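S.K.: Just dropping this structure here.
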Amino acid sequence: MKEEDKWTEVITPRRGLFDIKLEELWRYRDLIAIFIKRDFVAIYKQTVLGPLWLFLQPIFTSLVFFFVFTKVARLPTDGIPPILFYMSGITMWTYFSDCFVKTSNVFVSNAHIFGKVYFPRLATPLSIVMSNLLKLLIQLTLLLIFMIGFYSSGKLSVYPNWTLVLLPFLICLMALLGLGMGIIFSSLTTKYRDLAFLIQFGIQLLMYSTPVIYPLSSTGGKLRTALTLNPLTGILETFRYSLFGQGVFDPMLLLYCLGFTFVTLFFGIIIFNQVDRSFMDTV
Amino acid sequence: MSRTVIKVENLYKQYRLGQVSTGTLAHDINRWWHQMRGLEDPYEKITTLNNRTDGDESEYVWALQNINFEVKQGEVLGIIGKNGAGKSTLLKLLSKVTSPTKGSIKVNGRVASLLEVGTGFHKELTGRENVFLNGAILGMTKVEINRKFDEIVAFSGIGKYIDTPVKRYSSGMYVRLAFAVAAHLDPEIMIIDEVLAVGDIEFQKKCLGKMKDVSEGGRTVLFVSHNMAAVKTLCTRAILMNNGTIFKEGDTSHLIDEYIHINNNFSENGIIARNAQRIHQTGEAFFEKVQVIDKANEPVSIMGFKSTVQILAEIHVEKEISDAIFAFSILNSNNDKIVFTEFPENSFKHIMLQPGRHRIKFVIPVQMNPGTYYISPNVMKSSGESIDYLENVYKFEVTKDATEGSHHYRWNISHGNVYGSAQNLSIDKIS
Ligand SMILES: Nc1ncnc2c1ncn2[C@@H]1O[C@H](COP(=O)(O)OP(=O)(O)O)[C@@H](O)[C@H]1O
Ligand SMILES: [Mg+2]
């Protein structure tokens with residue numbers, strides 16, 4: 001038997017750019033599952049209102065938006081009842097922003113664990129994306145309940161259509177885009193701890209450049225072209241179109257988003273892997 | 001011949017000291033703005049302060065250099081050496097927490113490392129939830145944890161508190177549960193770094209017992225500890241590290257002697273520098289002086305047979321400590337703690353220390369047999385956490401000749417370290 005055949009593991013300095021070890025990640029699937037549970041349980045054990053907050057958050061935000069943007073600013077909502085319009089936007093948007101903000105901080109907030117024990121680091125951002133998925137599903141259910149409420153009171157005259165089958169795809173895109181952007185920024189936050197504040201601010205800006213509180217159809221010209229460069233535009237518009245049959249449904253936008261997501265994710269994972277190597281020595 | 005399970009070849013690890021960036025975006029932008037206007041770097045002062053005090057200009061430090069060794073299956077290898085010798089770095093490389101700069105490590109079998117107990121414990125979660133979380137972080141599957149759950153709880157002695165959030169646990173309970181999880185990993189190779197520095201004596205014994213079981217089950221253990229007694233009883237072989245290299249390798253008790261020899265933390269006058277090697281410290285207080293003194297309050301390093309030991313210590317307290325406990329050990333040249341003194345002795349009393357310098361003087365009412373001894377001071381909180389804990393800061397020798405009287409030590413061999421005078425002795429002829 002040759003010497004090198006019998007080792008289960010050889011640890012050397014070089015780790016290739018593309019050495020991502022997906023099979024190892026799969027071996028640690030139980031860890032991912034437990035991380036998801038931890039995130040979920042820990043968050044809702046802390047607050048007084050507990051899981052109730054999950055429901056109150058989109059309702060409150062929608063009400064605020066309704067007063068500010070519909071009553072005061074008189075922004076159009078594509079013929080969709082404003083509350084539903086905002087709630088659908090917020091639900092999807094919150095998912096993206098949670099994924100992004102939380103993964104962007106993953107090295108800093110997990111430094112104490114990463115410095116002590118080895119496991120595939122990608123398990124952490126992946127679990128963040130998935131534990132937020134749970135929240136998203138609950139809030140989507142809430143949206144459904146509101147929609148049924150509006151239908152039964154006859155206040156809703158717009159209907160879902162076949163594009164609703166795209167919903168899982170839209171959610172995946174959001175998750176992967178949030179993950180990709182998040183892990184790219186996670187490398188920057190290791191260097192600049194104060195970047196977290198900037199990200200909080202940046203995400204607000206990004207929200208206003210995404211059709212969350214206004215429909216894409218209300219814009220035109222150069223502004224509209226600029227907005228379509230935002231990969232999130234396609235996702236939000238398609239989502240509303242599938243629910244209410246109103247808005248812009250453009251397969252090209254979705255394809256662009258798909259491409260953008262994969263490129264982001266690809267670079268994100270490479271950067272994440274590289275930072276993982278050097279960051280642990282500085283904590 | 002058992003097979004080799006770890007093979008370390010030409011291993012090097014380099015750390016970078018200080019960061020190129022200041023660590024905050026605002027500072028870097030400010031620095032850049034200063035440079036643009038030809039002004040001096042506003043953060044220069046901060047970075048020079050961070051430089052190492054020993055005048056070492058280099059930005060890099062070799063934490064490990066040219067490490068080569070092999071470990072066979074079933075061995076319990078002790079890794080000893082002063083603080084900063086590179087022990088933790090070596091274990092971190094073995095457990096893949098960080099990667100080497102040069103060289104390679106070949107491993108055969110599943111490795112579980114215990115660099116710190118309770119890694120990933122979440123305060124809000126219950127003991128039960130944390131067992132699963134911590135177990136999974138350490139690499140166990142859910143099925144495995146389920147299988148061992150009852151055993152883990154039994155070992156920890158947590159009992160009915162298992163469904164209480166760990167934030168309500170005492171630090172002792174926390175450590176016990178954490179160690180219990182780690183002790184029930186079923187790895188082929190187990191790596192342990194100073195975990196026994198925490199927890200009560202009873203539990204430490206239990207841990208050592210568990211580790212012995214693990215190794216007798218044919219598994220391999222790598223064990224870093226300052227507890228020489230534990231290293232001696234557990235390890236079949238040891239590596240003595242010094243300054244990032246392997247100083248010596250071989251028989252455990254032989255290396256422990258060697259370790260004490262190079263671990264010259266002590267200074268002639270008992271003055272302890274701020275940067276002296278500490279076993280544990282929180283920064284709230286620093287011992288500045290520990291001496292053995294004579295009747296004239298002068299430091300002594302040689303004293304006669306049957307002398308009692310009078311100690312003078314000075315401590316600088318940075319921050320008020322409301323629950324201090326002092327503990328002083330006298331160690332012999334085997335690094336065995338042979339005399340121990342603590343105060344206050346009543347476990348419900350603590351000493352309040354205001355910021356500033358304090359002088360402590362006391363006599364340990366024992367009489368010493370000839371030999372070489374070391375003092376190890378420790379100031380703790382009531383939780384047992386050491387505020388400042390140093391090893392072997394003062395060395396003194398007890399000779400065969402008595403300082404007073406004429407009772408000299410008359411034997412050629414050692415009969416132990418502490419001399420106990422027979423008290424209230426009466427010898428009566430009864431028939
Ligand atoms: N993350 C780090 N960055 C810079 N230097 C480090 C880092 N970790 C350890 N070192 C240095 O490497 C050397 C070895 O440290 P360590 O392995 O912790 O020693 P030990 O565990 O034997 O006390 C020390 O000089 C220490 O200052
Ligand atoms: Mg160490």
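Labels for the structure tokens follow display order: chains A, B, ..., residues from 1 in each chain, ligands from 1.
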So that I can check the surroundings of Cys257 in chain A, please list as a list in words every protein, DNA and RNA residue that reaches within 8 Å of it, counting only C-alpha atoms and ignoring chain neighbours fewer than 5 positions away.

M.R.: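 Here the qualifying residues turn out to be Leu173, Pro231, Leu232, Gly234 and Ile235 of chain A.
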
S.K.: Given a cut-off of 6 Å, what residues near ligand 1 show up using only C-alpha atoms and all ligand atoms, put as a short mmCIF file (atom, residue, chain, number, x, y, z; two decimals) with N, CA, C and O atoms, in the first residue's frame?

M.R.:
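Listing of pocket_27.cif after writing:
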```cif
data_model
loop_
_atom_site.label_atom_id
_atom_site.label_comp_id
_atom_site.auth_asym_id
_atom_site.auth_seq_id
_atom_site.Cartn_x
_atom_site.Cartn_y
_atom_site.Cartn_z
N ASP A 281 -6.82 34.49 11.35
CA ASP A 281 -5.55 34.83 11.99
C ASP A 281 -5.57 36.21 12.62
O ASP A 281 -4.68 36.56 13.40
N THR A 282 -6.55 37.00 12.29
CA THR A 282 -6.57 38.36 12.82
C THR A 282 -7.49 38.51 14.02
O THR A 282 -7.60 39.58 14.58
N VAL A 283 -8.17 37.43 14.39
CA VAL A 283 -9.04 37.54 15.57
C VAL A 283 -8.38 36.92 16.80
O VAL A 283 -7.48 36.13 16.69
N TYR B 15 2.26 34.48 11.50
CA TYR B 15 1.18 35.42 11.74
C TYR B 15 1.66 36.80 11.39
O TYR B 15 2.83 37.13 11.50
N ARG B 16 0.72 37.62 11.01
CA ARG B 16 1.03 38.99 10.72
C ARG B 16 0.65 39.83 11.93
O ARG B 16 -0.43 39.68 12.47
N LEU B 17 1.56 40.66 12.35
CA LEU B 17 1.26 41.50 13.52
C LEU B 17 0.72 42.84 13.07
O LEU B 17 1.26 43.46 12.17
N ALA B 63 4.98 31.73 14.42
CA ALA B 63 4.44 31.07 15.61
C ALA B 63 4.90 29.62 15.67
O ALA B 63 5.01 29.03 16.73
N LYS B 82 5.96 26.86 27.52
CA LYS B 82 5.54 28.13 28.09
C LYS B 82 4.41 28.75 27.29
O LYS B 82 4.17 28.38 26.14
N ASN B 83 3.77 29.76 27.85
CA ASN B 83 2.82 30.54 27.06
C ASN B 83 3.55 31.16 25.88
O ASN B 83 4.66 31.65 26.04
N GLY B 84 2.90 31.11 24.72
CA GLY B 84 3.52 31.69 23.54
C GLY B 84 4.47 30.75 22.83
O GLY B 84 5.08 31.12 21.83
N ALA B 85 4.57 29.52 23.32
CA ALA B 85 5.49 28.57 22.70
C ALA B 85 4.96 28.07 21.35
O ALA B 85 5.72 27.57 20.54
N GLY B 86 3.65 28.22 21.14
CA GLY B 86 3.07 27.80 19.88
C GLY B 86 2.17 26.58 19.99
O GLY B 86 1.73 26.04 18.98
N LYS B 87 1.85 26.17 21.21
CA LYS B 87 1.03 24.98 21.40
C LYS B 87 -0.35 25.14 20.79
O LYS B 87 -0.80 24.30 20.02
N SER B 88 -1.00 26.26 21.13
CA SER B 88 -2.36 26.47 20.61
C SER B 88 -2.35 26.58 19.09
O SER B 88 -3.25 26.09 18.42
N THR B 89 -1.34 27.25 18.56
CA THR B 89 -1.25 27.39 17.11
C THR B 89 -1.15 26.01 16.46
O THR B 89 -1.84 25.74 15.46
#
```

S.K.: Which residues of chain A are close to chain B, meaning at most 10 Å apart when you count only C-alpha atoms, and how do they look as a count of residues only?

M.R.: 55

S.K.: Any idea what's packed within 9 Å of range 328-330 of chain B, counting only C-alpha atoms, ignoring anything in its chain fewer than 4 positions away? Could you give it as an mmCIF file with N, CA, C and O atoms, in the first residue's frame?

M.R.:
```cif
data_model
loop_
_atom_site.group_PDB
_atom_site.id
_atom_site.type_symbol
_atom_site.label_atom_id
_atom_site.label_comp_id
_atom_site.auth_asym_id
_atom_site.auth_seq_id
_atom_site.Cartn_x
_atom_site.Cartn_y
_atom_site.Cartn_z
ATOM 1 N N ASP B 336 5.024 19.545 40.929
ATOM 2 C CA ASP B 336 3.886 19.102 41.726
ATOM 3 C C ASP B 336 3.574 20.208 42.713
ATOM 4 O O ASP B 336 4.475 20.771 43.336
ATOM 5 N N LYS B 337 2.285 20.490 42.862
ATOM 6 C CA LYS B 337 1.906 21.464 43.880
ATOM 7 C C LYS B 337 1.916 20.729 45.208
ATOM 8 O O LYS B 337 1.126 19.806 45.409
ATOM 9 N N ILE B 338 2.784 21.121 46.106
ATOM 10 C CA ILE B 338 2.878 20.353 47.332
ATOM 11 C C ILE B 338 2.301 21.091 48.524
ATOM 12 O O ILE B 338 1.927 20.485 49.505
ATOM 13 N N VAL B 339 2.236 22.401 48.448
ATOM 14 C CA VAL B 339 1.614 23.150 49.531
ATOM 15 C C VAL B 339 0.658 24.158 48.903
ATOM 16 O O VAL B 339 0.975 24.767 47.886
ATOM 17 N N PHE B 340 -0.476 24.280 49.507
ATOM 18 C CA PHE B 340 -1.478 25.188 48.963
ATOM 19 C C PHE B 340 -2.084 26.004 50.095
ATOM 20 O O PHE B 340 -2.385 25.476 51.156
ATOM 21 N N THR B 341 -2.210 27.288 49.847
ATOM 22 C CA THR B 341 -2.799 28.162 50.855
ATOM 23 C C THR B 341 -3.787 29.074 50.160
ATOM 24 O O THR B 341 -3.491 29.590 49.082
ATOM 25 N N GLU B 342 -4.944 29.252 50.759
ATOM 26 C CA GLU B 342 -5.877 30.200 50.156
ATOM 27 C C GLU B 342 -6.476 31.052 51.254
ATOM 28 O O GLU B 342 -6.572 30.631 52.405
ATOM 29 N N TYR B 373 12.177 24.888 45.332
ATOM 30 C CA TYR B 373 10.737 25.149 45.311
ATOM 31 C C TYR B 373 10.419 26.410 44.502
ATOM 32 O O TYR B 373 11.273 27.278 44.309
ATOM 33 N N TYR B 374 9.180 26.451 44.069
ATOM 34 C CA TYR B 374 8.716 27.594 43.292
ATOM 35 C C TYR B 374 7.382 28.067 43.863
ATOM 36 O O TYR B 374 6.585 27.251 44.320
ATOM 37 N N ILE B 375 7.144 29.361 43.768
ATOM 38 C CA ILE B 375 5.868 29.904 44.216
ATOM 39 C C ILE B 375 5.010 30.231 43.003
ATOM 40 O O ILE B 375 5.489 30.823 42.033
ATOM 41 N N SER B 376 3.764 29.858 43.086
ATOM 42 C CA SER B 376 2.825 30.170 42.019
ATOM 43 C C SER B 376 1.638 30.932 42.615
ATOM 44 O O SER B 376 0.849 30.361 43.360
ATOM 45 N N PRO B 377 1.526 32.243 42.333
ATOM 46 C CA PRO B 377 0.444 33.028 42.916
ATOM 47 C C PRO B 377 -0.784 33.068 42.007
ATOM 48 O O PRO B 377 -0.669 32.976 40.788
ATOM 49 N N ASN B 378 -1.920 33.212 42.632
ATOM 50 C CA ASN B 378 -3.158 33.255 41.861
ATOM 51 C C ASN B 378 -4.151 34.119 42.629
ATOM 52 O O ASN B 378 -4.299 33.965 43.836
ATOM 53 N N VAL B 379 -4.790 35.059 41.928
ATOM 54 C CA VAL B 379 -5.900 35.788 42.542
ATOM 55 C C VAL B 379 -7.126 35.527 41.686
ATOM 56 O O VAL B 379 -7.080 35.630 40.470
ATOM 57 N N ASN B 392 5.338 29.635 38.918
ATOM 58 C CA ASN B 392 6.766 29.650 39.252
ATOM 59 C C ASN B 392 7.420 31.021 39.156
ATOM 60 O O ASN B 392 8.346 31.227 38.390
#
```

S.K.: Mind checking which residues fall within 8 Å of Asn161 in chain A, counting only C-alpha atoms, ignoring those fewer than 2 positions away in the same chain, and posting them as a tab-separated table (two decimals) with N, CA and C atoms, in the first residue's frame?

M.R.:
```
chain	number	residue	atom	x	y	z
A	159	TYR	N	-56.48	39.37	-10.16
A	159	TYR	CA	-56.34	37.96	-9.80
A	159	TYR	C	-54.95	37.41	-10.09
A	163	THR	N	-48.28	32.79	-13.85
A	163	THR	CA	-46.88	33.10	-13.51
A	163	THR	C	-46.59	32.83	-12.04
A	164	LEU	N	-47.64	32.53	-11.27
A	164	LEU	CA	-47.44	32.21	-9.86
A	164	LEU	C	-46.55	30.97	-9.69
A	241	TYR	N	-46.93	40.80	-10.46
A	241	TYR	CA	-47.70	40.42	-11.65
A	241	TYR	C	-48.39	39.07	-11.43
A	242	SER	N	-47.63	38.14	-10.83
A	242	SER	CA	-48.19	36.80	-10.65
A	242	SER	C	-49.34	36.81	-9.63
A	243	LEU	N	-49.26	37.69	-8.65
A	243	LEU	CA	-50.31	37.75	-7.63
A	243	LEU	C	-51.54	38.51	-8.10
A	244	PHE	N	-51.28	39.62	-8.78
A	244	PHE	CA	-52.40	40.53	-9.07
A	244	PHE	C	-52.64	40.75	-10.56
A	245	GLY	N	-51.79	40.18	-11.40
A	245	GLY	CA	-51.94	40.39	-12.84
A	245	GLY	C	-51.64	41.81	-13.27
```

S.K.: Within 10 Å of Lys21 in chain A, counting only C-alpha atoms, which residues show up once you throw out same-chain ones fewer than 3 positions away? Write them as a ChimeraX atom specification, please.

M.R.: /A:18,24-26,120,122

S.K.: Save the residues we just selected, all heavy atoms, as a short mmCIF file (atom, residue, chain, number, x, y, z; two decimals), in the first residue's frame?

M.R.:
```cif
data_model
loop_
_atom_site.label_atom_id
_atom_site.label_comp_id
_atom_site.auth_asym_id
_atom_site.auth_seq_id
_atom_site.Cartn_x
_atom_site.Cartn_y
_atom_site.Cartn_z
N PHE A 18 -11.10 27.50 -6.35
CA PHE A 18 -12.42 26.91 -6.57
C PHE A 18 -12.67 25.70 -5.68
O PHE A 18 -13.57 24.92 -5.89
CB PHE A 18 -12.57 26.52 -8.04
CG PHE A 18 -12.36 27.67 -8.95
CD1 PHE A 18 -11.17 27.84 -9.62
CD2 PHE A 18 -13.36 28.62 -9.10
CE1 PHE A 18 -10.97 28.93 -10.45
CE2 PHE A 18 -13.17 29.71 -9.92
CZ PHE A 18 -11.97 29.87 -10.60
N GLU A 24 -18.58 18.20 1.53
CA GLU A 24 -18.37 18.38 2.97
C GLU A 24 -19.55 19.16 3.58
O GLU A 24 -20.03 18.85 4.66
CB GLU A 24 -17.07 19.15 3.18
CG GLU A 24 -16.63 19.16 4.62
CD GLU A 24 -15.38 19.98 4.82
OE1 GLU A 24 -15.23 21.01 4.14
OE2 GLU A 24 -14.56 19.60 5.67
N LEU A 25 -20.00 20.15 2.82
CA LEU A 25 -21.15 20.94 3.27
C LEU A 25 -22.35 20.03 3.47
O LEU A 25 -23.11 20.17 4.43
CB LEU A 25 -21.44 22.00 2.20
CG LEU A 25 -22.19 23.24 2.63
CD1 LEU A 25 -21.48 23.94 3.74
CD2 LEU A 25 -22.35 24.17 1.43
N TRP A 26 -22.49 19.08 2.60
CA TRP A 26 -23.61 18.14 2.68
C TRP A 26 -23.48 17.26 3.92
O TRP A 26 -24.47 16.96 4.59
CB TRP A 26 -23.65 17.30 1.40
CG TRP A 26 -24.71 16.24 1.42
CD1 TRP A 26 -24.53 14.89 1.40
CD2 TRP A 26 -26.13 16.43 1.46
NE1 TRP A 26 -25.73 14.24 1.43
CE2 TRP A 26 -26.73 15.16 1.48
CE3 TRP A 26 -26.95 17.57 1.51
CZ2 TRP A 26 -28.11 14.98 1.53
CZ3 TRP A 26 -28.33 17.38 1.56
CH2 TRP A 26 -28.89 16.10 1.56
N PRO A 120 -17.50 23.60 7.69
CA PRO A 120 -17.55 24.38 6.46
C PRO A 120 -18.21 25.73 6.76
O PRO A 120 -19.36 25.77 7.17
CB PRO A 120 -18.40 23.54 5.52
CG PRO A 120 -18.53 22.22 6.15
CD PRO A 120 -18.22 22.33 7.59
N LEU A 122 -19.39 28.01 4.98
CA LEU A 122 -20.57 28.38 4.20
C LEU A 122 -21.86 27.93 4.90
O LEU A 122 -22.93 28.44 4.60
CB LEU A 122 -20.50 27.76 2.81
CG LEU A 122 -19.84 28.61 1.72
CD1 LEU A 122 -19.82 27.84 0.40
CD2 LEU A 122 -20.59 29.93 1.53
#
```

S.K.: Applying 10 Å and only C-alpha atoms, which residues near Ile128 in chain A remain after dropping the ones on its own chain fewer than 6 positions away? List them as a PDB file with N, CA, C and O atoms, in the first residue's frame.

M.R.:
```pdb
ATOM      1  N   ILE A  32     -26.405  22.640   9.663  1.00  0.00           N
ATOM      2  CA  ILE A  32     -27.173  23.715   9.029  1.00  0.00           C
ATOM      3  C   ILE A  32     -28.591  23.726   9.597  1.00  0.00           C
ATOM      4  O   ILE A  32     -29.122  24.774   9.961  1.00  0.00           O
ATOM      5  N   PHE A  35     -28.515  25.172  13.061  1.00  0.00           N
ATOM      6  CA  PHE A  35     -28.292  26.625  12.989  1.00  0.00           C
ATOM      7  C   PHE A  35     -29.599  27.342  12.661  1.00  0.00           C
ATOM      8  O   PHE A  35     -29.925  28.377  13.227  1.00  0.00           O
ATOM      9  N   ILE A  36     -30.341  26.782  11.702  1.00  0.00           N
ATOM     10  CA  ILE A  36     -31.607  27.396  11.301  1.00  0.00           C
ATOM     11  C   ILE A  36     -32.538  27.472  12.506  1.00  0.00           C
ATOM     12  O   ILE A  36     -33.123  28.510  12.813  1.00  0.00           O
ATOM     13  N   ASP A  39     -31.279  30.079  15.061  1.00  0.00           N
ATOM     14  CA  ASP A  39     -31.568  31.460  14.664  1.00  0.00           C
ATOM     15  C   ASP A  39     -33.016  31.794  14.945  1.00  0.00           C
ATOM     16  O   ASP A  39     -33.355  32.849  15.470  1.00  0.00           O
ATOM     17  N   PHE A  40     -33.867  30.858  14.565  1.00  0.00           N
ATOM     18  CA  PHE A  40     -35.287  31.099  14.681  1.00  0.00           C
ATOM     19  C   PHE A  40     -35.736  31.162  16.136  1.00  0.00           C
ATOM     20  O   PHE A  40     -36.376  32.108  16.567  1.00  0.00           O
ATOM     21  N   ASP A  98     -32.883  40.964   4.722  1.00  0.00           N
ATOM     22  CA  ASP A  98     -32.431  40.153   5.857  1.00  0.00           C
ATOM     23  C   ASP A  98     -31.266  39.247   5.449  1.00  0.00           C
ATOM     24  O   ASP A  98     -30.262  39.151   6.146  1.00  0.00           O
ATOM     25  N   CYS A  99     -31.446  38.592   4.320  1.00  0.00           N
ATOM     26  CA  CYS A  99     -30.385  37.695   3.838  1.00  0.00           C
ATOM     27  C   CYS A  99     -29.098  38.480   3.644  1.00  0.00           C
ATOM     28  O   CYS A  99     -28.019  38.067   4.079  1.00  0.00           O
ATOM     29  N   PHE A 100     -29.223  39.607   2.997  1.00  0.00           N
ATOM     30  CA  PHE A 100     -28.043  40.396   2.668  1.00  0.00           C
ATOM     31  C   PHE A 100     -27.359  40.933   3.931  1.00  0.00           C
ATOM     32  O   PHE A 100     -26.174  40.714   4.154  1.00  0.00           O
ATOM     33  N   LYS A 102     -27.643  40.168   7.098  1.00  0.00           N
ATOM     34  CA  LYS A 102     -27.135  39.193   8.074  1.00  0.00           C
ATOM     35  C   LYS A 102     -25.923  38.433   7.560  1.00  0.00           C
ATOM     36  O   LYS A 102     -25.001  38.163   8.325  1.00  0.00           O
ATOM     37  N   THR A 103     -25.926  38.076   6.274  1.00  0.00           N
ATOM     38  CA  THR A 103     -24.737  37.352   5.791  1.00  0.00           C
ATOM     39  C   THR A 103     -23.542  38.287   5.658  1.00  0.00           C
ATOM     40  O   THR A 103     -22.408  37.846   5.753  1.00  0.00           O
ATOM     41  N   VAL A 106     -21.297  38.001   8.671  1.00  0.00           N
ATOM     42  CA  VAL A 106     -21.177  36.642   9.189  1.00  0.00           C
ATOM     43  C   VAL A 106     -19.824  36.340   9.838  1.00  0.00           C
ATOM     44  O   VAL A 106     -19.746  35.672  10.863  1.00  0.00           O
ATOM     45  N   ALA A 175     -32.933  34.629  -2.567  1.00  0.00           N
ATOM     46  CA  ALA A 175     -32.065  34.020  -1.568  1.00  0.00           C
ATOM     47  C   ALA A 175     -30.620  34.023  -2.053  1.00  0.00           C
ATOM     48  O   ALA A 175     -29.710  34.452  -1.339  1.00  0.00           O
ATOM     49  N   LEU A 179     -27.562  36.140  -0.637  1.00  0.00           N
ATOM     50  CA  LEU A 179     -26.416  35.370  -0.160  1.00  0.00           C
ATOM     51  C   LEU A 179     -25.130  35.833  -0.848  1.00  0.00           C
ATOM     52  O   LEU A 179     -24.128  36.119  -0.198  1.00  0.00           O
TER      53      LEU A 179
END
```

S.K.: Quick check, in Å to one decimal: how far apart do CA of Glu237 in chain A and CA of Asp78 in chain A lie?

M.R.: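 These atoms are spaced 10.9 Å apart.
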
S.K.: Find the residues around range 298-312 of chain B up to 8 Å (only C-alpha atoms counted), leave out those fewer than 5 positions away in its own chain, and share them as a VMD selection string.

M.R.: chain B and resid 268 to 269 289 to 293 359 to 370 395 to 404 408 to 409 419

S.K.: How far is it from CA of Arg147 in chain B to CA of Ile191 in chain B, in Å with one decimal?

M.R.: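 Atom-to-atom, CA of Arg147 in chain B and CA of Ile191 in chain B are spaced 22.6 Å apart.
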
S.K.: One decimal, in Å: what's the spacing between CA of Gly172 in chain B and CA of Glu284 in chain B?

M.R.: 21.4 Å
